[in-house]
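Novice: Here you go, final_37.cif (mmCIF, C-alpha atoms):
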```cif
data_target
loop_
_atom_site.group_PDB
_atom_site.id
_atom_site.type_symbol
_atom_site.label_atom_id
_atom_site.label_comp_id
_atom_site.auth_asym_id
_atom_site.auth_seq_id
_atom_site.Cartn_x
_atom_site.Cartn_y
_atom_site.Cartn_z
ATOM 1 C CA MET K 1 315.003 22.875 88.221
ATOM 2 C CA LYS K 2 315.374 19.711 86.188
ATOM 3 C CA LEU K 3 317.475 16.922 87.640
ATOM 4 C CA THR K 4 318.483 13.468 86.470
ATOM 5 C CA PHE K 5 318.797 10.635 88.964
ATOM 6 C CA GLU K 6 320.141 7.142 88.466
ATOM 7 C CA VAL K 7 318.396 4.542 90.593
ATOM 8 C CA THR K 8 320.353 1.285 90.883
ATOM 9 C CA ILE K 9 318.336 -1.655 92.130
ATOM 10 C CA SER K 10 319.985 -4.893 93.185
ATOM 11 C CA ARG K 11 318.942 -7.991 95.053
ATOM 12 C CA LYS K 12 319.657 -8.148 98.729
ATOM 13 C CA PRO K 13 322.689 -10.313 99.585
ATOM 14 C CA GLY K 14 321.949 -13.992 100.068
ATOM 15 C CA LEU K 15 319.027 -14.121 97.657
ATOM 16 C CA SER K 16 319.367 -16.278 94.587
ATOM 17 C CA ASP K 17 320.168 -14.503 91.326
ATOM 18 C CA PRO K 18 319.221 -16.912 88.503
ATOM 19 C CA GLU K 19 320.311 -14.514 85.744
ATOM 20 C CA GLY K 20 323.699 -14.094 87.404
ATOM 21 C CA THR K 21 324.191 -17.831 87.910
ATOM 22 C CA THR K 22 323.279 -18.605 84.302
ATOM 23 C CA THR K 23 325.519 -15.828 82.985
ATOM 24 C CA LEU K 24 328.431 -17.073 85.078
ATOM 25 C CA LYS K 25 328.042 -20.578 83.616
ATOM 26 C CA ALA K 26 327.801 -19.188 80.090
ATOM 27 C CA LEU K 27 330.958 -17.120 80.588
ATOM 28 C CA HIS K 28 332.832 -20.193 81.822
ATOM 29 C CA HIS K 29 331.627 -22.143 78.782
ATOM 30 C CA LEU K 30 332.937 -19.350 76.563
ATOM 31 C CA GLY K 31 336.354 -19.783 78.183
ATOM 32 C CA TYR K 32 336.333 -16.892 80.649
ATOM 33 C CA SER K 33 337.418 -19.043 83.573
ATOM 34 C CA GLY K 34 338.716 -16.028 85.541
ATOM 35 C CA VAL K 35 335.195 -14.778 86.214
ATOM 36 C CA GLU K 36 334.205 -15.585 89.792
ATOM 37 C CA ARG K 37 330.849 -13.870 90.119
ATOM 38 C CA ALA K 38 328.268 -12.159 87.921
ATOM 39 C CA SER K 39 325.218 -10.522 89.418
ATOM 40 C CA PHE K 40 322.419 -8.588 87.782
ATOM 41 C CA GLY K 41 320.618 -5.423 88.720
ATOM 42 C CA ARG K 42 318.493 -2.753 87.076
ATOM 43 C CA VAL K 43 319.301 0.866 86.569
ATOM 44 C CA ILE K 44 316.538 3.405 86.018
ATOM 45 C CA SER K 45 317.368 6.883 84.822
ATOM 46 C CA ILE K 46 314.772 9.480 85.827
ATOM 47 C CA ASP K 47 314.418 13.119 84.758
ATOM 48 C CA ILE K 48 312.412 15.064 87.285
ATOM 49 C CA GLU K 49 311.329 18.690 87.642
ATOM 50 C CA ALA K 50 311.403 19.831 91.288
ATOM 51 C CA LYS K 51 312.095 22.830 93.524
ATOM 52 C CA ASN K 52 315.487 21.624 94.658
ATOM 53 C CA GLU K 53 317.673 18.543 94.861
ATOM 54 C CA ARG K 54 316.454 17.556 98.299
ATOM 55 C CA ALA K 55 312.775 17.605 97.279
ATOM 56 C CA ALA K 56 313.565 15.691 94.090
ATOM 57 C CA ARG K 57 315.558 13.034 95.940
ATOM 58 C CA GLU K 58 312.722 12.530 98.411
ATOM 59 C CA LEU K 59 310.236 12.040 95.553
ATOM 60 C CA VAL K 60 312.522 9.512 93.863
ATOM 61 C CA ASP K 61 312.898 7.662 97.153
ATOM 62 C CA GLN K 62 309.092 7.455 97.448
ATOM 63 C CA MET K 63 308.836 6.161 93.867
ATOM 64 C CA CYS K 64 311.335 3.429 94.700
ATOM 65 C CA THR K 65 309.363 2.099 97.655
ATOM 66 C CA LYS K 66 305.998 2.465 95.898
ATOM 67 C CA LEU K 67 306.745 1.248 92.403
ATOM 68 C CA LEU K 68 310.304 0.820 91.195
ATOM 69 C CA ALA K 69 311.825 -1.594 93.706
ATOM 70 C CA ASN K 70 310.522 -4.464 95.768
ATOM 71 C CA PRO K 71 311.801 -3.560 99.241
ATOM 72 C CA VAL K 72 311.318 -7.114 100.497
ATOM 73 C CA ILE K 73 313.990 -8.579 98.223
ATOM 74 C CA GLU K 74 315.745 -5.586 96.679
ATOM 75 C CA SER K 75 317.860 -2.691 97.840
ATOM 76 C CA TYR K 76 318.299 0.525 95.904
ATOM 77 C CA ALA K 77 320.697 3.437 95.654
ATOM 78 C CA ILE K 78 319.806 6.888 94.329
ATOM 79 C CA ASP K 79 322.542 8.937 92.699
ATOM 80 C CA LEU K 80 322.390 12.337 91.081
ATOM 81 C CA ALA K 81 323.673 11.956 87.529
ATOM 82 C CA THR K 82 326.475 14.355 86.664
ATOM 83 C CA MET U 1 344.588 -9.786 91.245
ATOM 84 C CA LYS U 2 340.860 -9.794 91.756
ATOM 85 C CA LEU U 3 338.860 -6.903 90.346
ATOM 86 C CA THR U 4 335.188 -5.974 90.323
ATOM 87 C CA PHE U 5 333.692 -4.259 87.302
ATOM 88 C CA GLU U 6 330.256 -2.742 86.860
ATOM 89 C CA VAL U 7 328.900 -3.067 83.339
ATOM 90 C CA THR U 8 326.003 -0.712 82.623
ATOM 91 C CA ILE U 9 323.976 -1.592 79.546
ATOM 92 C CA SER U 10 321.432 0.806 78.079
ATOM 93 C CA ARG U 11 319.480 1.082 74.875
ATOM 94 C CA LYS U 12 320.907 3.249 72.152
ATOM 95 C CA PRO U 13 319.182 6.642 71.891
ATOM 96 C CA GLY U 14 316.116 6.719 69.664
ATOM 97 C CA LEU U 15 315.114 3.112 70.295
ATOM 98 C CA SER U 16 311.816 2.483 72.026
ATOM 99 C CA ASP U 17 311.960 1.602 75.718
ATOM 100 C CA PRO U 18 308.641 -0.043 76.603
ATOM 101 C CA GLU U 19 309.543 -0.544 80.269
ATOM 102 C CA GLY U 20 310.468 3.128 80.572
ATOM 103 C CA THR U 21 307.299 4.320 78.851
ATOM 104 C CA THR U 22 305.071 2.142 81.039
ATOM 105 C CA THR U 23 306.903 3.209 84.197
ATOM 106 C CA LEU U 24 306.537 6.880 83.248
ATOM 107 C CA LYS U 25 302.770 6.434 82.824
ATOM 108 C CA ALA U 26 302.517 4.573 86.139
ATOM 109 C CA LEU U 27 304.441 7.325 87.940
ATOM 110 C CA HIS U 28 302.107 9.960 86.483
ATOM 111 C CA HIS U 29 299.107 7.930 87.620
ATOM 112 C CA LEU U 30 300.604 7.801 91.114
ATOM 113 C CA GLY U 31 300.737 11.606 91.105
ATOM 114 C CA TYR U 32 304.418 12.161 90.289
ATOM 115 C CA SER U 33 303.679 14.652 87.531
ATOM 116 C CA GLY U 34 307.164 16.177 87.734
ATOM 117 C CA VAL U 35 308.773 13.090 86.187
ATOM 118 C CA GLU U 36 309.636 13.766 82.555
ATOM 119 C CA ARG U 37 311.506 10.625 81.543
ATOM 120 C CA ALA U 38 312.211 7.166 82.908
ATOM 121 C CA SER U 39 314.486 4.785 81.062
ATOM 122 C CA PHE U 40 315.666 1.323 81.975
ATOM 123 C CA GLY U 41 319.001 -0.367 81.733
ATOM 124 C CA ARG U 42 320.801 -3.347 83.238
ATOM 125 C CA VAL U 43 323.813 -3.362 85.457
ATOM 126 C CA ILE U 44 326.005 -6.437 85.753
ATOM 127 C CA SER U 45 328.585 -6.692 88.497
ATOM 128 C CA ILE U 46 331.493 -8.995 87.619
ATOM 129 C CA ASP U 47 334.325 -10.282 89.805
ATOM 130 C CA ILE U 48 337.275 -11.350 87.703
ATOM 131 C CA GLU U 49 340.746 -12.707 88.415
ATOM 132 C CA ALA U 50 343.335 -11.317 85.990
ATOM 133 C CA LYS U 51 346.956 -10.241 85.692
ATOM 134 C CA ASN U 52 346.207 -6.535 85.746
ATOM 135 C CA GLU U 53 343.411 -4.033 85.271
ATOM 136 C CA ARG U 54 344.066 -3.567 81.576
ATOM 137 C CA ALA U 55 343.841 -7.304 80.843
ATOM 138 C CA ALA U 56 340.700 -7.620 82.964
ATOM 139 C CA ARG U 57 339.002 -4.686 81.262
ATOM 140 C CA GLU U 58 339.754 -6.159 77.850
ATOM 141 C CA LEU U 59 338.203 -9.492 78.871
ATOM 142 C CA VAL U 60 335.079 -7.750 80.204
ATOM 143 C CA ASP U 61 334.809 -5.790 76.953
ATOM 144 C CA GLN U 62 334.941 -9.075 74.995
ATOM 145 C CA MET U 63 332.232 -10.579 77.236
ATOM 146 C CA CYS U 64 330.014 -7.578 76.533
ATOM 147 C CA THR U 65 330.189 -7.950 72.772
ATOM 148 C CA LYS U 66 329.928 -11.768 72.867
ATOM 149 C CA LEU U 67 327.288 -12.333 75.522
ATOM 150 C CA LEU U 68 326.199 -9.559 77.844
ATOM 151 C CA ALA U 69 325.036 -6.816 75.490
ATOM 152 C CA ASN U 70 323.402 -6.720 72.092
ATOM 153 C CA PRO U 71 325.649 -4.279 70.219
ATOM 154 C CA VAL U 72 323.012 -3.682 67.546
ATOM 155 C CA ILE U 73 320.591 -1.989 69.940
ATOM 156 C CA GLU U 74 322.535 -1.486 73.155
ATOM 157 C CA SER U 75 325.531 0.479 74.320
ATOM 158 C CA TYR U 76 327.574 -0.393 77.382
ATOM 159 C CA ALA U 77 329.964 1.238 79.804
ATOM 160 C CA ILE U 78 332.566 -0.615 81.884
ATOM 161 C CA ASP U 79 333.586 0.885 85.216
ATOM 162 C CA LEU U 80 335.959 -0.414 87.824
ATOM 163 C CA ALA U 81 334.037 -0.650 91.089
ATOM 164 C CA THR U 82 335.706 1.156 93.946
#
```
Represent the structure from my file as structure tokens, please.
Specialist:
Amino acid sequence: MKLTFEVTISRKPGLSDPEGTTTLKALHHLGYSGVERASFGRVISIDIEAKNERAARELVDQMCTKLLANPVIESYAIDLAT
Amino acid sequence: MKLTFEVTISRKPGLSDPEGTTTLKALHHLGYSGVERASFGRVISIDIEAKNERAARELVDQMCTKLLANPVIESYAIDLAT
């Protein structure tokens, strides 16, 4: 069966997020003073052929630790796309 | 009221996605032959203070077209974070 997963990768709390900080400043300069925080992450959409959802999810989890995310500074969430 | 939105930005279909293509090759080299597609996007989490959800969503939509996304090559989705 073919499944699509969405992997969302974000920085662990407490780590600096230069893109977010810069974006927040830019938004304030544009007049959006109500914005209190902006933080960036990546989302990777993956189509995978596997026996079942459980096997596919385990493979995607392996890919995250091996290649897609940096587990030292990033956390990730794996969701089945509807 | 304070609301958190998740803005997901992805390339419009048909445009090349060099990060996705390279990641797909890398995953195949690592032995994950079942992966058929990998595509990258950004996700921006925004905390905003506004009168109500409708007003906040409209502001976030403006930010997307003015700063966060490139409407020529990217599409975006705005979701209220739960």
Novice: Give me, as a PyMOL selection string, all polymer residues having an atom no more than 12 Å from Leu59 (chain K), counting only C-alpha atoms and skipping those fewer than 5 positions away in the same chain.
Specialist: (chain K and resi 3+5+46-54+64-67+78) or (chain U and resi 27+30-35)
Novice: One number please: CA of Thr8 (chain U) to CA of Val7 (chain K), in Å, one decimal.
Specialist: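 CA of Val7 (chain K) lies at a distance of 12.2 Å from CA of Thr8 (chain U).
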Novice: Given the choices K:Arg42, K:Ser75, K:Gln62, K:Met1, which gets closest to chain U if the distance is worked out from all atoms listed in the file?
Specialist: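 Smallest distance to chain U is found for K:Arg42.
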Novice: Name all residues at most 9 Å from Ile9 (chain U) (count all atoms listed in the file; drop same-chain ones fewer than 4 positions away) and give them as an mmCIF file with C-alpha atoms, keeping the file's coordinate frame.
Specialist:
```
data_model
loop_
_atom_site.group_PDB
_atom_site.id
_atom_site.type_symbol
_atom_site.label_atom_id
_atom_site.label_comp_id
_atom_site.auth_asym_id
_atom_site.auth_seq_id
_atom_site.Cartn_x
_atom_site.Cartn_y
_atom_site.Cartn_z
ATOM 1 C CA VAL K 43 319.301 0.866 86.569
ATOM 2 C CA GLY U 41 319.001 -0.367 81.733
ATOM 3 C CA ARG U 42 320.801 -3.347 83.238
ATOM 4 C CA VAL U 43 323.813 -3.362 85.457
ATOM 5 C CA ILE U 44 326.005 -6.437 85.753
ATOM 6 C CA LEU U 68 326.199 -9.559 77.844
ATOM 7 C CA ALA U 69 325.036 -6.816 75.490
ATOM 8 C CA GLU U 74 322.535 -1.486 73.155
ATOM 9 C CA SER U 75 325.531 0.479 74.320
ATOM 10 C CA TYR U 76 327.574 -0.393 77.382
ATOM 11 C CA ALA U 77 329.964 1.238 79.804
ATOM 12 C CA ILE U 78 332.566 -0.615 81.884
#
```
Novice: From the set K:Ala38, K:Leu80, K:Val60, K:Ile73, which residue has the shortest atom-to-atom contact distance to chain U, counting all atoms listed in the file?
Specialist: K:Ala38
Novice: Could you check how far CA of Pro71 (chain U) sits from CA of Gly14 (chain U), in Å to one decimal?
Specialist: 14.6 Å
Novice: Which is closest to chain K among U:Thr21, U:Thr82, U:Asn70, U:Ser45, if we use only C-alpha atoms?
Specialist: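 That would be U:Ser45, the residue with the smallest distance to chain K.
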Novice: Mind working out the centre and edge lengths of an axis-aligned box for region 51-64 of chain U, all listed atoms inside, 4 Å added to each side, rounded to one decimal in Å and written as AutoDock Vina command-line options?
Specialist:
```
--center_x 338.5 --center_y -7.1 --center_z 80.4 --size_x 24.9 --size_y 15.0 --size_z 18.8
```
Novice: Taking the structure in the block just given, could you write region 16-27 of chain U with all heavy atoms, as a PDB file, in the first residue's frame?
Specialist:
```
ATOM      1  N   SER U  16      10.186  22.690  -9.830  1.00  0.00           N
ATOM      2  CA  SER U  16      11.229  21.783  -9.362  1.00  0.00           C
ATOM      3  C   SER U  16      11.484  22.002  -7.873  1.00  0.00           C
ATOM      4  O   SER U  16      11.343  23.113  -7.355  1.00  0.00           O
ATOM      5  CB  SER U  16      12.513  21.990 -10.158  1.00  0.00           C
ATOM      6  OG  SER U  16      13.128  23.175  -9.755  1.00  0.00           O
ATOM      7  N   ASP U  17      11.835  20.927  -7.197  1.00  0.00           N
ATOM      8  CA  ASP U  17      12.076  20.956  -5.754  1.00  0.00           C
ATOM      9  C   ASP U  17      13.430  20.285  -5.511  1.00  0.00           C
ATOM     10  O   ASP U  17      13.504  19.091  -5.228  1.00  0.00           O
ATOM     11  CB  ASP U  17      10.931  20.203  -5.053  1.00  0.00           C
ATOM     12  CG  ASP U  17      11.141  20.062  -3.550  1.00  0.00           C
ATOM     13  OD1 ASP U  17      12.110  20.653  -3.029  1.00  0.00           O
ATOM     14  OD2 ASP U  17      10.344  19.361  -2.910  1.00  0.00           O
ATOM     15  N   PRO U  18      14.511  21.055  -5.650  1.00  0.00           N
ATOM     16  CA  PRO U  18      15.848  20.454  -5.580  1.00  0.00           C
ATOM     17  C   PRO U  18      16.119  19.748  -4.253  1.00  0.00           C
ATOM     18  O   PRO U  18      16.715  18.665  -4.248  1.00  0.00           O
ATOM     19  CB  PRO U  18      16.789  21.651  -5.745  1.00  0.00           C
ATOM     20  CG  PRO U  18      15.963  22.783  -6.216  1.00  0.00           C
ATOM     21  CD  PRO U  18      14.553  22.509  -5.853  1.00  0.00           C
ATOM     22  N   GLU U  19      15.650  20.325  -3.153  1.00  0.00           N
ATOM     23  CA  GLU U  19      15.856  19.662  -1.854  1.00  0.00           C
ATOM     24  C   GLU U  19      15.166  18.302  -1.838  1.00  0.00           C
ATOM     25  O   GLU U  19      15.729  17.314  -1.355  1.00  0.00           O
ATOM     26  CB  GLU U  19      15.256  20.502  -0.730  1.00  0.00           C
ATOM     27  CG  GLU U  19      16.100  21.634  -0.230  1.00  0.00           C
ATOM     28  CD  GLU U  19      15.362  22.416   0.847  1.00  0.00           C
ATOM     29  OE1 GLU U  19      14.316  23.004   0.519  1.00  0.00           O
ATOM     30  OE2 GLU U  19      15.829  22.430   1.987  1.00  0.00           O
ATOM     31  N   GLY U  20      13.943  18.268  -2.359  1.00  0.00           N
ATOM     32  CA  GLY U  20      13.184  17.015  -2.383  1.00  0.00           C
ATOM     33  C   GLY U  20      13.864  15.962  -3.247  1.00  0.00           C
ATOM     34  O   GLY U  20      13.982  14.803  -2.850  1.00  0.00           O
ATOM     35  N   THR U  21      14.324  16.389  -4.426  1.00  0.00           N
ATOM     36  CA  THR U  21      14.976  15.447  -5.341  1.00  0.00           C
ATOM     37  C   THR U  21      16.240  14.866  -4.724  1.00  0.00           C
ATOM     38  O   THR U  21      16.483  13.655  -4.780  1.00  0.00           O
ATOM     39  CB  THR U  21      15.337  16.182  -6.658  1.00  0.00           C
ATOM     40  OG1 THR U  21      14.185  16.885  -7.103  1.00  0.00           O
ATOM     41  CG2 THR U  21      15.766  15.206  -7.734  1.00  0.00           C
ATOM     42  N   THR U  22      17.047  15.730  -4.103  1.00  0.00           N
ATOM     43  CA  THR U  22      18.292  15.277  -3.478  1.00  0.00           C
ATOM     44  C   THR U  22      18.004  14.346  -2.311  1.00  0.00           C
ATOM     45  O   THR U  22      18.671  13.316  -2.135  1.00  0.00           O
ATOM     46  CB  THR U  22      19.095  16.499  -2.976  1.00  0.00           C
ATOM     47  OG1 THR U  22      19.257  17.397  -4.066  1.00  0.00           O
ATOM     48  CG2 THR U  22      20.448  16.089  -2.451  1.00  0.00           C
ATOM     49  N   THR U  23      16.983  14.698  -1.508  1.00  0.00           N
ATOM     50  CA  THR U  23      16.624  13.859  -0.369  1.00  0.00           C
ATOM     51  C   THR U  23      16.144  12.486  -0.833  1.00  0.00           C
ATOM     52  O   THR U  23      16.498  11.461  -0.245  1.00  0.00           O
ATOM     53  CB  THR U  23      15.526  14.549   0.464  1.00  0.00           C
ATOM     54  OG1 THR U  23      16.016  15.811   0.880  1.00  0.00           O
ATOM     55  CG2 THR U  23      15.141  13.730   1.673  1.00  0.00           C
ATOM     56  N   LEU U  24      15.357  12.473  -1.910  1.00  0.00           N
ATOM     57  CA  LEU U  24      14.862  11.195  -2.446  1.00  0.00           C
ATOM     58  C   LEU U  24      16.033  10.301  -2.854  1.00  0.00           C
ATOM     59  O   LEU U  24      16.080   9.113  -2.508  1.00  0.00           O
ATOM     60  CB  LEU U  24      13.941  11.467  -3.641  1.00  0.00           C
ATOM     61  CG  LEU U  24      13.227  10.249  -4.239  1.00  0.00           C
ATOM     62  CD1 LEU U  24      12.309   9.594  -3.209  1.00  0.00           C
ATOM     63  CD2 LEU U  24      12.400  10.656  -5.458  1.00  0.00           C
ATOM     64  N   LYS U  25      17.015  10.885  -3.549  1.00  0.00           N
ATOM     65  CA  LYS U  25      18.198  10.112  -3.953  1.00  0.00           C
ATOM     66  C   LYS U  25      18.941   9.589  -2.727  1.00  0.00           C
ATOM     67  O   LYS U  25      19.366   8.432  -2.682  1.00  0.00           O
ATOM     68  CB  LYS U  25      19.149  10.994  -4.769  1.00  0.00           C
ATOM     69  CG  LYS U  25      18.740  11.121  -6.229  1.00  0.00           C
ATOM     70  CD  LYS U  25      19.815  11.878  -7.005  1.00  0.00           C
ATOM     71  CE  LYS U  25      19.259  12.458  -8.288  1.00  0.00           C
ATOM     72  NZ  LYS U  25      20.073  13.559  -8.801  1.00  0.00           N
ATOM     73  N   ALA U  26      19.119  10.455  -1.731  1.00  0.00           N
ATOM     74  CA  ALA U  26      19.844  10.054  -0.518  1.00  0.00           C
ATOM     75  C   ALA U  26      19.129   8.912   0.194  1.00  0.00           C
ATOM     76  O   ALA U  26      19.761   7.968   0.669  1.00  0.00           O
ATOM     77  CB  ALA U  26      20.006  11.254   0.414  1.00  0.00           C
ATOM     78  N   LEU U  27      17.792   8.986   0.238  1.00  0.00           N
ATOM     79  CA  LEU U  27      17.025   7.922   0.903  1.00  0.00           C
ATOM     80  C   LEU U  27      17.177   6.603   0.140  1.00  0.00           C
ATOM     81  O   LEU U  27      17.328   5.542   0.747  1.00  0.00           O
ATOM     82  CB  LEU U  27      15.550   8.309   1.018  1.00  0.00           C
ATOM     83  CG  LEU U  27      15.237   9.409   2.035  1.00  0.00           C
ATOM     84  CD1 LEU U  27      13.786   9.874   1.920  1.00  0.00           C
ATOM     85  CD2 LEU U  27      15.498   8.942   3.465  1.00  0.00           C
TER      86      LEU U  27
END
```
